[in-house]
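Below is one structure, written out as structure tokens; comments come after it.
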Amino acid sequence: MSTKKGSETKLVGSPDQFTKSGFILAAIGSAVGLGNMWKFPYITGQYGGAAFFLLFIVCLVAVGLPVLLAELSIGRGGRGNASSSFVKVGGHKAWGGMGLLSVIGAFMIMSFYAVVAGWTFHYAVQAFSGKLFANDDFGGQFSSFISGYTPIIWQAGVLIITGWIVARGISGGIEKFNKVLIPGLLVLLVILMVRALTLPGAEAGVEFFLKPDFSRLTPESALVALGHAFFSLSLGMGAMMTYGSYVDRKQSLGAATLAIGGGDLLYAFIAGLIIFPTTFSFGIDQAQGPTLVFIALPAAFSAMPFGTLFGGLFFILLAIAALTSTVSLIEVPVAYAIERWKMSRNTAVWIIIAGCFLLGLPAALSFGLVPGLTFGGKSFFDWMDFIASNIILPLGGLAVTVFAGYFWKGIGDEAGLTGLWFRVWLFMLRFVAPILVLFVFLHSAGIIKF
Ligand code: PHE
């Protein structure tokens, strides 16, 4: 089927798929998100600075890239959704069940990711209008904002924009949008990096981020680094598999894997070169956790010349990065619904967007508006993050490595690897990745503790 928009120019029945560069940019867009700009800086701050960053690179290259190539290959080989692709490349129905788990995981991540993405939009508007800097109790501003009604409006806004893009299809929607925004994001990042690196005292931040001190690492750092490599490359959620199903047979998946991994790392690297020099320059504790970018950075921007402009740009950047990821998250259940229930793209998109809104509501409200949305010491928001990121994501990743490493015979042909590279890849998929991912799972599910 072709999309509404593309149908005038395309032959009826020709598949709606990515162009070569469109695919790379869309996959980088999926990878680069709040994970790079919001989570990566605060976990690097908490788990060991430069030494943690190095560990993250090792995990990304040794485990993330092999699993990414496997996901793309399953998707393109099966040409189906994140569940049916397993079955189409010769897997038993049970593998389809594992894939379905990822579809559910993507739906759940989307529901609360849209809430945080909404915060970034609100902050962008507040920063540009100068309201954010009118009162310098940034902690108070943040908590009164997240405990009110406004986040729900922004959450709905993010979902509607995402739905509008995804409803236009792969080449006419997702690709077009990423082709403009991903290069745009790089320009914004570089502007902010130059600003951050020229602040007084920036060197101490650069040193914290780039000069490793291995005594800062703990066993936990390794598991957090690996878990984040998965999250950051959008693995284990069917997103890369679904995007893989729209890739032309002639495109090299190995080269694409390197480009996506390199892109993800580059954006995280620049994000680090913005956040750490800034926090060091202003004497802000970089290990304060999730509130770092919403509380600490506004304080820094308010004390900086042209802080309104730079603060506004920073939050716009977060918002764009978030949107290029939300489109890939929503495409996972959308592709499933189109194929499984024979829905039109439009119907599938809006039903799923509405579902995400409803599931995200208690997450958005769990910051104070509705007291009692806490179970077993975790808020509804924390539970959703915990179940999706710590349980479903590693399980989905494990399914991919085990299936690709042991069950799918034709994988080398689809991935286009032969000889030594193929053997190294298979070794990683068979022995290294599953064991490490299992550790991450057992640790993040609270089954093993250090
Ligand atoms: N990779 C995205 C980020 O870093 C998050 C994501 C996870 C997107 C899984 C799609 C699937 O923010």
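Naming works like this for the structure tokens: A, B, ... for the chains as they're shown, residue 1 at the start of each chain, ligands 1 onward in shown order.
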Kindly assemble as a tab-separated table a list of the region 214-332 of chain A residues that lie within 9 Å of region 336-354 of chain A, each paired with its nearest atom pair and their distance in Å to one decimal, using only C-alpha atoms, sorted first by chain and then by ascending residue number.
```
residue	atom	partner	partner_atom	distance
A:Ile330	CA	A:Ile352	CA	7.7
A:Glu331	CA	A:Val349	CA	8.2
A:Val332	CA	A:Tyr336	CA	6.4
```
For all heavy atoms, I'd like the residues from the last selection saved as a PDB file, in the first residue's frame.
```pdb
ATOM      1  N   ILE A 330       6.113   4.996  18.220  1.00  0.00           N
ATOM      2  CA  ILE A 330       4.705   4.794  17.880  1.00  0.00           C
ATOM      3  C   ILE A 330       4.564   3.930  16.623  1.00  0.00           C
ATOM      4  O   ILE A 330       3.601   3.191  16.463  1.00  0.00           O
ATOM      5  CB  ILE A 330       4.011   6.166  17.727  1.00  0.00           C
ATOM      6  CG1 ILE A 330       2.534   6.071  18.043  1.00  0.00           C
ATOM      7  CG2 ILE A 330       4.157   6.743  16.362  1.00  0.00           C
ATOM      8  CD1 ILE A 330       2.257   6.048  19.468  1.00  0.00           C
ATOM      9  N   GLU A 331       5.567   3.996  15.748  1.00  0.00           N
ATOM     10  CA  GLU A 331       5.510   3.205  14.516  1.00  0.00           C
ATOM     11  C   GLU A 331       5.495   1.694  14.832  1.00  0.00           C
ATOM     12  O   GLU A 331       4.956   0.908  14.050  1.00  0.00           O
ATOM     13  CB  GLU A 331       6.687   3.569  13.591  1.00  0.00           C
ATOM     14  CG  GLU A 331       6.738   2.846  12.253  1.00  0.00           C
ATOM     15  CD  GLU A 331       5.507   3.050  11.355  1.00  0.00           C
ATOM     16  OE1 GLU A 331       4.807   4.067  11.485  1.00  0.00           O
ATOM     17  OE2 GLU A 331       5.247   2.150  10.521  1.00  0.00           O
ATOM     18  N   VAL A 332       6.039   1.307  15.985  1.00  0.00           N
ATOM     19  CA  VAL A 332       6.073  -0.132  16.318  1.00  0.00           C
ATOM     20  C   VAL A 332       4.648  -0.687  16.483  1.00  0.00           C
ATOM     21  O   VAL A 332       4.260  -1.605  15.747  1.00  0.00           O
ATOM     22  CB  VAL A 332       6.951  -0.394  17.575  1.00  0.00           C
ATOM     23  CG1 VAL A 332       6.941  -1.860  17.950  1.00  0.00           C
ATOM     24  CG2 VAL A 332       8.367   0.103  17.358  1.00  0.00           C
TER      25      VAL A 332
END
```
Worksheet entry | Contacts of Leu189 (chain A) within 8 Å, only C-alpha atoms, excl. fewer than 6 positions in-chain, as a PyMOL selection string | chain A and resi 267+270-271+274+317
Those selected residues, please, written with N, CA, C and O atoms and delivered as an mmCIF file, in the first residue's frame.
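The file below, part_25.cif, is the result:
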```cif
data_model
loop_
_atom_site.group_PDB
_atom_site.id
_atom_site.type_symbol
_atom_site.label_atom_id
_atom_site.label_comp_id
_atom_site.auth_asym_id
_atom_site.auth_seq_id
_atom_site.Cartn_x
_atom_site.Cartn_y
_atom_site.Cartn_z
ATOM 1 N N TYR A 267 26.115 12.435 19.042
ATOM 2 C CA TYR A 267 25.157 13.333 19.690
ATOM 3 C C TYR A 267 25.286 13.262 21.211
ATOM 4 O O TYR A 267 25.132 14.267 21.899
ATOM 5 N N ILE A 270 28.470 15.277 22.159
ATOM 6 C CA ILE A 270 28.267 16.733 22.152
ATOM 7 C C ILE A 270 27.373 17.145 23.329
ATOM 8 O O ILE A 270 27.622 18.159 23.984
ATOM 9 N N ALA A 271 26.357 16.324 23.621
ATOM 10 C CA ALA A 271 25.490 16.659 24.771
ATOM 11 C C ALA A 271 26.341 16.742 26.041
ATOM 12 O O ALA A 271 26.165 17.647 26.862
ATOM 13 N N ILE A 274 28.184 19.868 26.355
ATOM 14 C CA ILE A 274 27.354 21.026 26.706
ATOM 15 C C ILE A 274 27.096 21.004 28.217
ATOM 16 O O ILE A 274 27.301 21.982 28.914
ATOM 17 N N LEU A 317 16.052 21.890 21.484
ATOM 18 C CA LEU A 317 16.862 20.750 21.073
ATOM 19 C C LEU A 317 16.363 19.455 21.736
ATOM 20 O O LEU A 317 16.197 18.423 21.080
#
```
Discussion item. Show me which residues are within 9 Å of ligand 1 counting only C-alpha atoms and all ligand atoms, and format the list as JSON, numbers by chain.
Written reply: {"A": [28, 29, 30, 31, 32, 33, 34, 35, 36, 37, 38, 39, 40, 105, 106, 109, 110, 113, 228, 229, 230, 231, 232, 233, 234, 235, 236, 237, 238, 239, 240, 264, 321, 322, 324, 325, 326, 327, 328, 329, 330, 332, 389, 393]}
Please, could you write that set of residues out with N, CA and C atoms as a short mmCIF file (atom, residue, chain, number, x, y, z; two decimals), in the first residue's frame?
```
data_model
loop_
_atom_site.label_atom_id
_atom_site.label_comp_id
_atom_site.auth_asym_id
_atom_site.auth_seq_id
_atom_site.Cartn_x
_atom_site.Cartn_y
_atom_site.Cartn_z
N ILE A 28 18.95 7.27 13.11
CA ILE A 28 19.70 8.11 14.06
C ILE A 28 18.70 8.92 14.89
N GLY A 29 17.64 9.37 14.24
CA GLY A 29 16.61 10.12 14.96
C GLY A 29 15.97 9.28 16.06
N SER A 30 15.74 8.01 15.77
CA SER A 30 15.18 7.14 16.79
C SER A 30 16.16 6.98 17.95
N ALA A 31 17.43 6.78 17.60
CA ALA A 31 18.45 6.54 18.64
C ALA A 31 18.68 7.79 19.48
N VAL A 32 18.80 8.92 18.80
CA VAL A 32 19.09 10.16 19.52
C VAL A 32 17.80 10.71 20.12
N GLY A 33 17.77 10.76 21.45
CA GLY A 33 16.54 11.22 22.07
C GLY A 33 16.82 11.71 23.47
N LEU A 34 15.78 11.65 24.29
CA LEU A 34 15.96 12.07 25.68
C LEU A 34 17.05 11.23 26.33
N GLY A 35 17.25 10.02 25.82
CA GLY A 35 18.31 9.16 26.33
C GLY A 35 19.67 9.84 26.22
N ASN A 36 19.93 10.50 25.12
CA ASN A 36 21.24 11.16 24.92
C ASN A 36 21.34 12.46 25.69
N MET A 37 20.26 13.23 25.65
CA MET A 37 20.36 14.61 26.15
C MET A 37 19.97 14.74 27.61
N TRP A 38 19.14 13.86 28.09
CA TRP A 38 18.63 14.00 29.46
C TRP A 38 19.20 12.90 30.34
N LYS A 39 19.09 11.64 29.90
CA LYS A 39 19.51 10.54 30.76
C LYS A 39 21.03 10.35 30.76
N PHE A 40 21.64 10.39 29.58
CA PHE A 40 23.09 10.14 29.50
C PHE A 40 23.89 11.09 30.39
N GLY A 105 5.99 -3.14 24.90
CA GLY A 105 7.02 -2.32 25.55
C GLY A 105 7.13 -0.95 24.90
N ALA A 106 7.10 -0.93 23.56
CA ALA A 106 7.21 0.34 22.84
C ALA A 106 6.01 1.24 23.18
N ILE A 109 6.64 2.58 26.72
CA ILE A 109 7.69 3.60 26.78
C ILE A 109 7.13 4.89 26.19
N MET A 110 6.41 4.75 25.07
CA MET A 110 5.84 5.92 24.41
C MET A 110 4.95 6.70 25.37
N TYR A 113 7.24 8.47 27.89
CA TYR A 113 8.24 9.30 27.19
C TYR A 113 7.57 10.59 26.70
N HIS A 228 22.01 1.28 29.19
CA HIS A 228 21.83 2.53 28.46
C HIS A 228 22.22 2.40 27.00
N ALA A 229 23.23 1.56 26.71
CA ALA A 229 23.60 1.35 25.30
C ALA A 229 22.39 0.80 24.54
N PHE A 230 21.64 -0.09 25.18
CA PHE A 230 20.44 -0.65 24.56
C PHE A 230 19.38 0.41 24.36
N PHE A 231 19.11 1.15 25.44
CA PHE A 231 18.07 2.17 25.38
C PHE A 231 18.42 3.22 24.33
N SER A 232 19.70 3.62 24.35
CA SER A 232 20.11 4.70 23.48
C SER A 232 20.06 4.29 22.00
N LEU A 233 20.34 3.03 21.71
CA LEU A 233 20.25 2.59 20.31
C LEU A 233 18.84 2.12 19.95
N SER A 234 17.89 2.35 20.84
CA SER A 234 16.48 1.95 20.61
C SER A 234 16.32 0.46 20.39
N LEU A 235 17.10 -0.34 21.13
CA LEU A 235 17.02 -1.79 20.92
C LEU A 235 16.01 -2.43 21.88
N GLY A 236 15.62 -3.64 21.54
CA GLY A 236 14.76 -4.42 22.43
C GLY A 236 13.31 -3.98 22.46
N MET A 237 12.97 -3.00 21.62
CA MET A 237 11.60 -2.48 21.63
C MET A 237 10.96 -2.63 20.26
N GLY A 238 11.64 -3.31 19.38
CA GLY A 238 11.07 -3.51 18.06
C GLY A 238 11.18 -2.30 17.15
N ALA A 239 11.77 -1.20 17.65
CA ALA A 239 11.80 0.02 16.83
C ALA A 239 12.73 -0.15 15.64
N MET A 240 13.92 -0.66 15.88
CA MET A 240 14.86 -0.81 14.78
C MET A 240 14.42 -1.94 13.83
N ASP A 264 24.70 8.12 17.03
CA ASP A 264 24.20 8.13 18.41
C ASP A 264 25.30 8.59 19.37
N ALA A 321 14.79 16.27 19.70
CA ALA A 321 15.38 14.94 19.88
C ALA A 321 14.30 13.97 20.36
N ALA A 322 13.44 14.43 21.25
CA ALA A 322 12.39 13.57 21.76
C ALA A 322 11.41 13.17 20.65
N THR A 324 11.86 12.92 17.39
CA THR A 324 12.38 11.97 16.39
C THR A 324 12.42 10.57 16.98
N SER A 325 12.38 10.46 18.31
CA SER A 325 12.28 9.13 18.93
C SER A 325 10.83 8.70 19.09
N THR A 326 9.94 9.64 19.42
CA THR A 326 8.55 9.22 19.60
C THR A 326 7.96 8.69 18.29
N VAL A 327 8.37 9.28 17.16
CA VAL A 327 7.80 8.75 15.91
C VAL A 327 8.21 7.29 15.70
N SER A 328 9.43 6.93 16.13
CA SER A 328 9.85 5.54 15.93
C SER A 328 9.18 4.61 16.93
N LEU A 329 8.90 5.13 18.12
CA LEU A 329 8.24 4.29 19.13
C LEU A 329 6.81 3.97 18.70
N ILE A 330 6.11 5.00 18.22
CA ILE A 330 4.71 4.79 17.88
C ILE A 330 4.56 3.93 16.62
N VAL A 332 6.04 1.31 15.99
CA VAL A 332 6.07 -0.13 16.32
C VAL A 332 4.65 -0.69 16.48
N SER A 389 11.68 -0.32 30.66
CA SER A 389 13.12 -0.20 30.42
C SER A 389 13.91 -1.33 31.07
N LEU A 393 12.59 -4.35 27.89
CA LEU A 393 13.70 -4.02 26.97
C LEU A 393 14.80 -5.10 27.00
#
```
Discussion item. Using only C-alpha atoms, which protein or nucleic acid residues come within 10 Å of Thr44 (chain A)? Drop anything in the same chain fewer than 5 positions from it, and give the result as number ranges by chain.
Written reply: A: 39, 49-53, 56, 208-209, 221, 224-225, 272, 276, 286-287, 289
Deliver the residues from the most recent selection as a file, using all heavy atoms, as a short mmCIF file (atom, residue, chain, number, x, y, z; two decimals), in the first residue's frame.
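Writing the result to again.cif gives the following:
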```cif
data_model
loop_
_atom_site.label_atom_id
_atom_site.label_comp_id
_atom_site.auth_asym_id
_atom_site.auth_seq_id
_atom_site.Cartn_x
_atom_site.Cartn_y
_atom_site.Cartn_z
N LYS A 39 19.09 11.64 29.90
CA LYS A 39 19.51 10.54 30.76
C LYS A 39 21.03 10.35 30.76
O LYS A 39 21.63 10.17 31.83
CB LYS A 39 18.83 9.27 30.26
CG LYS A 39 18.73 8.19 31.31
CD LYS A 39 17.79 7.11 30.84
CE LYS A 39 17.70 5.98 31.86
NZ LYS A 39 16.87 4.88 31.37
N GLY A 49 31.59 9.56 35.57
CA GLY A 49 32.20 10.54 34.67
C GLY A 49 32.83 9.90 33.44
O GLY A 49 32.24 9.03 32.79
N ALA A 50 34.07 10.31 33.13
CA ALA A 50 34.74 9.86 31.91
C ALA A 50 34.89 8.34 31.85
O ALA A 50 34.75 7.73 30.78
CB ALA A 50 36.11 10.51 31.82
N ALA A 51 35.15 7.72 33.00
CA ALA A 51 35.32 6.26 33.00
C ALA A 51 34.00 5.59 32.60
O ALA A 51 33.98 4.59 31.86
CB ALA A 51 35.75 5.79 34.38
N PHE A 52 32.89 6.17 33.04
CA PHE A 52 31.58 5.63 32.66
C PHE A 52 31.35 5.83 31.16
O PHE A 52 30.84 4.94 30.48
CB PHE A 52 30.47 6.32 33.45
CG PHE A 52 29.08 5.87 33.05
CD1 PHE A 52 28.53 4.73 33.59
CD2 PHE A 52 28.35 6.57 32.10
CE1 PHE A 52 27.27 4.29 33.20
CE2 PHE A 52 27.09 6.14 31.69
CZ PHE A 52 26.55 4.99 32.25
N PHE A 53 31.76 6.98 30.65
CA PHE A 53 31.57 7.26 29.22
C PHE A 53 32.33 6.22 28.39
O PHE A 53 31.79 5.67 27.41
CB PHE A 53 32.06 8.68 28.91
CG PHE A 53 31.87 9.11 27.48
CD1 PHE A 53 30.72 8.77 26.78
CD2 PHE A 53 32.84 9.87 26.83
CE1 PHE A 53 30.54 9.17 25.45
CE2 PHE A 53 32.67 10.26 25.51
CZ PHE A 53 31.52 9.91 24.81
N PHE A 56 30.55 3.00 28.45
CA PHE A 56 29.37 3.11 27.59
C PHE A 56 29.77 2.86 26.13
O PHE A 56 29.10 2.12 25.40
CB PHE A 56 28.71 4.48 27.77
CG PHE A 56 27.64 4.79 26.75
CD1 PHE A 56 26.44 4.10 26.77
CD2 PHE A 56 27.83 5.76 25.77
CE1 PHE A 56 25.45 4.38 25.83
CE2 PHE A 56 26.85 6.05 24.84
CZ PHE A 56 25.65 5.35 24.87
N PHE A 208 36.21 16.23 33.63
CA PHE A 208 35.32 15.26 34.29
C PHE A 208 34.73 14.30 33.25
O PHE A 208 34.59 13.11 33.48
CB PHE A 208 34.19 16.00 35.00
CG PHE A 208 33.13 15.10 35.58
CD1 PHE A 208 33.33 14.48 36.81
CD2 PHE A 208 31.94 14.85 34.89
CE1 PHE A 208 32.37 13.63 37.34
CE2 PHE A 208 30.97 14.00 35.42
CZ PHE A 208 31.20 13.40 36.65
N PHE A 209 34.41 14.84 32.08
CA PHE A 209 33.73 14.04 31.06
C PHE A 209 34.71 13.21 30.22
O PHE A 209 34.37 12.14 29.74
CB PHE A 209 32.94 15.00 30.14
CG PHE A 209 32.13 14.33 29.07
CD1 PHE A 209 31.32 13.24 29.35
CD2 PHE A 209 32.17 14.80 27.76
CE1 PHE A 209 30.57 12.63 28.36
CE2 PHE A 209 31.42 14.20 26.76
CZ PHE A 209 30.62 13.12 27.06
N SER A 221 28.03 0.44 37.62
CA SER A 221 28.28 1.31 36.46
C SER A 221 28.23 0.50 35.17
O SER A 221 27.70 0.96 34.15
CB SER A 221 29.67 1.96 36.53
OG SER A 221 29.88 2.61 37.73
N VAL A 224 24.62 -0.37 34.25
CA VAL A 224 23.90 0.83 33.81
C VAL A 224 24.37 1.22 32.41
O VAL A 224 23.57 1.56 31.53
CB VAL A 224 24.09 1.99 34.82
CG1 VAL A 224 23.48 3.27 34.28
CG2 VAL A 224 23.47 1.64 36.16
N ALA A 225 25.69 1.11 32.16
CA ALA A 225 26.23 1.47 30.85
C ALA A 225 25.65 0.57 29.76
O ALA A 225 25.27 1.03 28.69
CB ALA A 225 27.75 1.38 30.86
N GLY A 272 27.29 15.82 26.20
CA GLY A 272 28.19 15.84 27.37
C GLY A 272 29.04 17.10 27.37
O GLY A 272 29.27 17.71 28.42
N PHE A 276 28.42 19.19 30.92
CA PHE A 276 29.44 19.19 31.98
C PHE A 276 30.19 20.52 32.09
O PHE A 276 30.33 21.03 33.21
CB PHE A 276 30.36 17.98 31.86
CG PHE A 276 29.59 16.71 32.09
CD1 PHE A 276 29.39 15.80 31.07
CD2 PHE A 276 28.99 16.48 33.32
CE1 PHE A 276 28.63 14.67 31.28
CE2 PHE A 276 28.22 15.35 33.54
CZ PHE A 276 28.04 14.44 32.52
N GLN A 286 26.72 17.75 39.35
CA GLN A 286 26.31 17.03 38.14
C GLN A 286 25.78 15.63 38.44
O GLN A 286 25.36 14.92 37.55
CB GLN A 286 27.45 16.96 37.11
CG GLN A 286 28.62 16.08 37.46
CD GLN A 286 29.46 16.64 38.59
OE1 GLN A 286 29.45 17.84 38.84
NE2 GLN A 286 30.13 15.77 39.30
N ALA A 287 25.80 15.24 39.73
CA ALA A 287 25.32 13.90 40.06
C ALA A 287 23.92 13.94 40.66
O ALA A 287 23.50 13.02 41.34
CB ALA A 287 26.30 13.24 41.04
N GLY A 289 20.99 13.66 39.34
CA GLY A 289 19.96 12.76 38.80
C GLY A 289 19.03 13.43 37.80
O GLY A 289 19.38 14.44 37.19
#
```
Item to complete: Would you list the contacts of Pro200 (chain A) as a ChimeraX atom specification, taking every protein, DNA or RNA residue within 9 Å and counting only C-alpha atoms, but skipping same-chain residues closer than 3 positions in sequence?
Response: /A:196-197,203,277,281-282
Could you write out that same residue set with N, CA, C and O atoms as a short mmCIF file (atom, residue, chain, number, x, y, z; two decimals), in the first residue's frame?
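Contents of the output file part31.cif:
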```cif
data_model
loop_
_atom_site.label_atom_id
_atom_site.label_comp_id
_atom_site.auth_asym_id
_atom_site.auth_seq_id
_atom_site.Cartn_x
_atom_site.Cartn_y
_atom_site.Cartn_z
N ALA A 196 29.07 26.55 25.66
CA ALA A 196 29.44 25.90 26.92
C ALA A 196 30.96 25.85 27.08
O ALA A 196 31.48 26.10 28.16
N LEU A 197 31.67 25.55 25.98
CA LEU A 197 33.13 25.40 26.09
C LEU A 197 33.84 26.73 26.32
O LEU A 197 35.00 26.74 26.73
N GLU A 203 36.92 24.03 31.54
CA GLU A 203 37.90 22.91 31.43
C GLU A 203 37.64 21.83 32.48
O GLU A 203 37.82 20.64 32.18
N PRO A 277 30.67 21.13 30.99
CA PRO A 277 31.29 22.44 31.16
C PRO A 277 30.32 23.43 31.82
O PRO A 277 30.72 24.22 32.67
N SER A 281 31.08 25.07 35.34
CA SER A 281 31.29 26.51 35.33
C SER A 281 30.43 27.21 36.38
O SER A 281 30.82 28.19 36.97
N PHE A 282 29.22 26.65 36.61
CA PHE A 282 28.33 27.31 37.56
C PHE A 282 28.28 26.61 38.92
O PHE A 282 27.39 26.87 39.72
#
```
Discussion item. Quick check, in Å to one decimal: how far apart do CA of Gly75 (chain A) and CA of Asp248 (chain A) lie?
Written reply: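 Distance reported for this atom pair: 11.3 Å.
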Worksheet item: Which neighbours of region 379-384 of chain A fall inside 8 Å, counting only C-alpha atoms, when residues of the same chain fewer than 4 positions from it are skipped, and could you give them as a VMD selection string?
Response: chain A and resid 108 to 109 112 362 to 364 366 to 367 373 to 375 388
Item to complete: Using only C-alpha atoms, determine which residues lie at most 7 Å from Glu71 (chain A), disregarding the query and same-chain residues fewer than 2 positions distant; provide the list as an MDAnalysis selection string.
Response: chainID A and resid 67:69 73:75 240:241 400
Give me a file of those residues, with C-alpha atoms, as a compact mmCIF listing (two decimals), in the first residue's frame.
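This is the output file result-v6.txt:
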```
# COMPACT_ATOMS: atom_id res chain seq x y z
CA VAL A 67 22.27 -6.49 18.35
CA LEU A 68 21.35 -3.47 16.21
CA LEU A 69 22.50 -5.29 13.07
CA SER A 73 18.27 -7.88 9.58
CA ILE A 74 15.25 -9.56 11.14
CA GLY A 75 13.09 -6.60 10.17
CA MET A 240 14.86 -0.81 14.78
CA MET A 241 13.22 -4.01 13.55
CA VAL A 400 16.82 -10.91 19.35
```
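The shortest atom-to-atom distance to Gly173 (chain A), with only C-alpha atoms taken into account, belongs to A:Ala26 out of A:Ser444, A:Ala26, A:Lys131, A:Gly410.
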Excluding Ile391 (chain A) and residues on its chain fewer than 6 positions from it, collect all residues at most 9 Å away from it, counting only C-alpha atoms, and give them as an mmCIF file with all heavy atoms, in the first residue's frame.
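Everything below was put into around_37.cif:
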```cif
data_model
loop_
_atom_site.group_PDB
_atom_site.id
_atom_site.type_symbol
_atom_site.label_atom_id
_atom_site.label_comp_id
_atom_site.auth_asym_id
_atom_site.auth_seq_id
_atom_site.Cartn_x
_atom_site.Cartn_y
_atom_site.Cartn_z
ATOM 1 N N PHE A 441 19.422 -7.714 32.951
ATOM 2 C CA PHE A 441 18.040 -8.017 33.294
ATOM 3 C C PHE A 441 17.920 -8.409 34.771
ATOM 4 O O PHE A 441 17.099 -7.866 35.512
ATOM 5 C CB PHE A 441 17.522 -9.143 32.401
ATOM 6 C CG PHE A 441 16.192 -9.679 32.831
ATOM 7 C CD1 PHE A 441 15.062 -8.878 32.766
ATOM 8 C CD2 PHE A 441 16.067 -10.967 33.318
ATOM 9 C CE1 PHE A 441 13.830 -9.347 33.178
ATOM 10 C CE2 PHE A 441 14.843 -11.446 33.736
ATOM 11 C CZ PHE A 441 13.724 -10.637 33.666
ATOM 12 N N LEU A 442 18.785 -9.349 35.210
ATOM 13 C CA LEU A 442 18.688 -9.828 36.588
ATOM 14 C C LEU A 442 18.973 -8.692 37.574
ATOM 15 O O LEU A 442 18.359 -8.597 38.623
ATOM 16 C CB LEU A 442 19.670 -10.989 36.818
ATOM 17 C CG LEU A 442 19.344 -12.258 36.032
ATOM 18 C CD1 LEU A 442 20.435 -13.302 36.222
ATOM 19 C CD2 LEU A 442 17.989 -12.828 36.447
ATOM 20 N N SER A 444 18.608 -5.325 36.893
ATOM 21 C CA SER A 444 17.617 -4.251 36.892
ATOM 22 C C SER A 444 16.268 -4.738 37.389
ATOM 23 O O SER A 444 15.464 -3.939 37.865
ATOM 24 C CB SER A 444 17.526 -3.571 35.527
ATOM 25 O OG SER A 444 17.343 -4.517 34.532
ATOM 26 N N ALA A 445 16.034 -6.047 37.311
ATOM 27 C CA ALA A 445 14.769 -6.551 37.871
ATOM 28 C C ALA A 445 14.900 -6.755 39.384
ATOM 29 O O ALA A 445 13.968 -7.191 40.047
ATOM 30 C CB ALA A 445 14.393 -7.860 37.182
#
```
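Minimum atom-to-atom distance to Leu398 (chain A), evaluated using only C-alpha atoms, belongs to A:Leu436 out of A:Ile170, A:Leu420, A:Leu436, A:Ala134.
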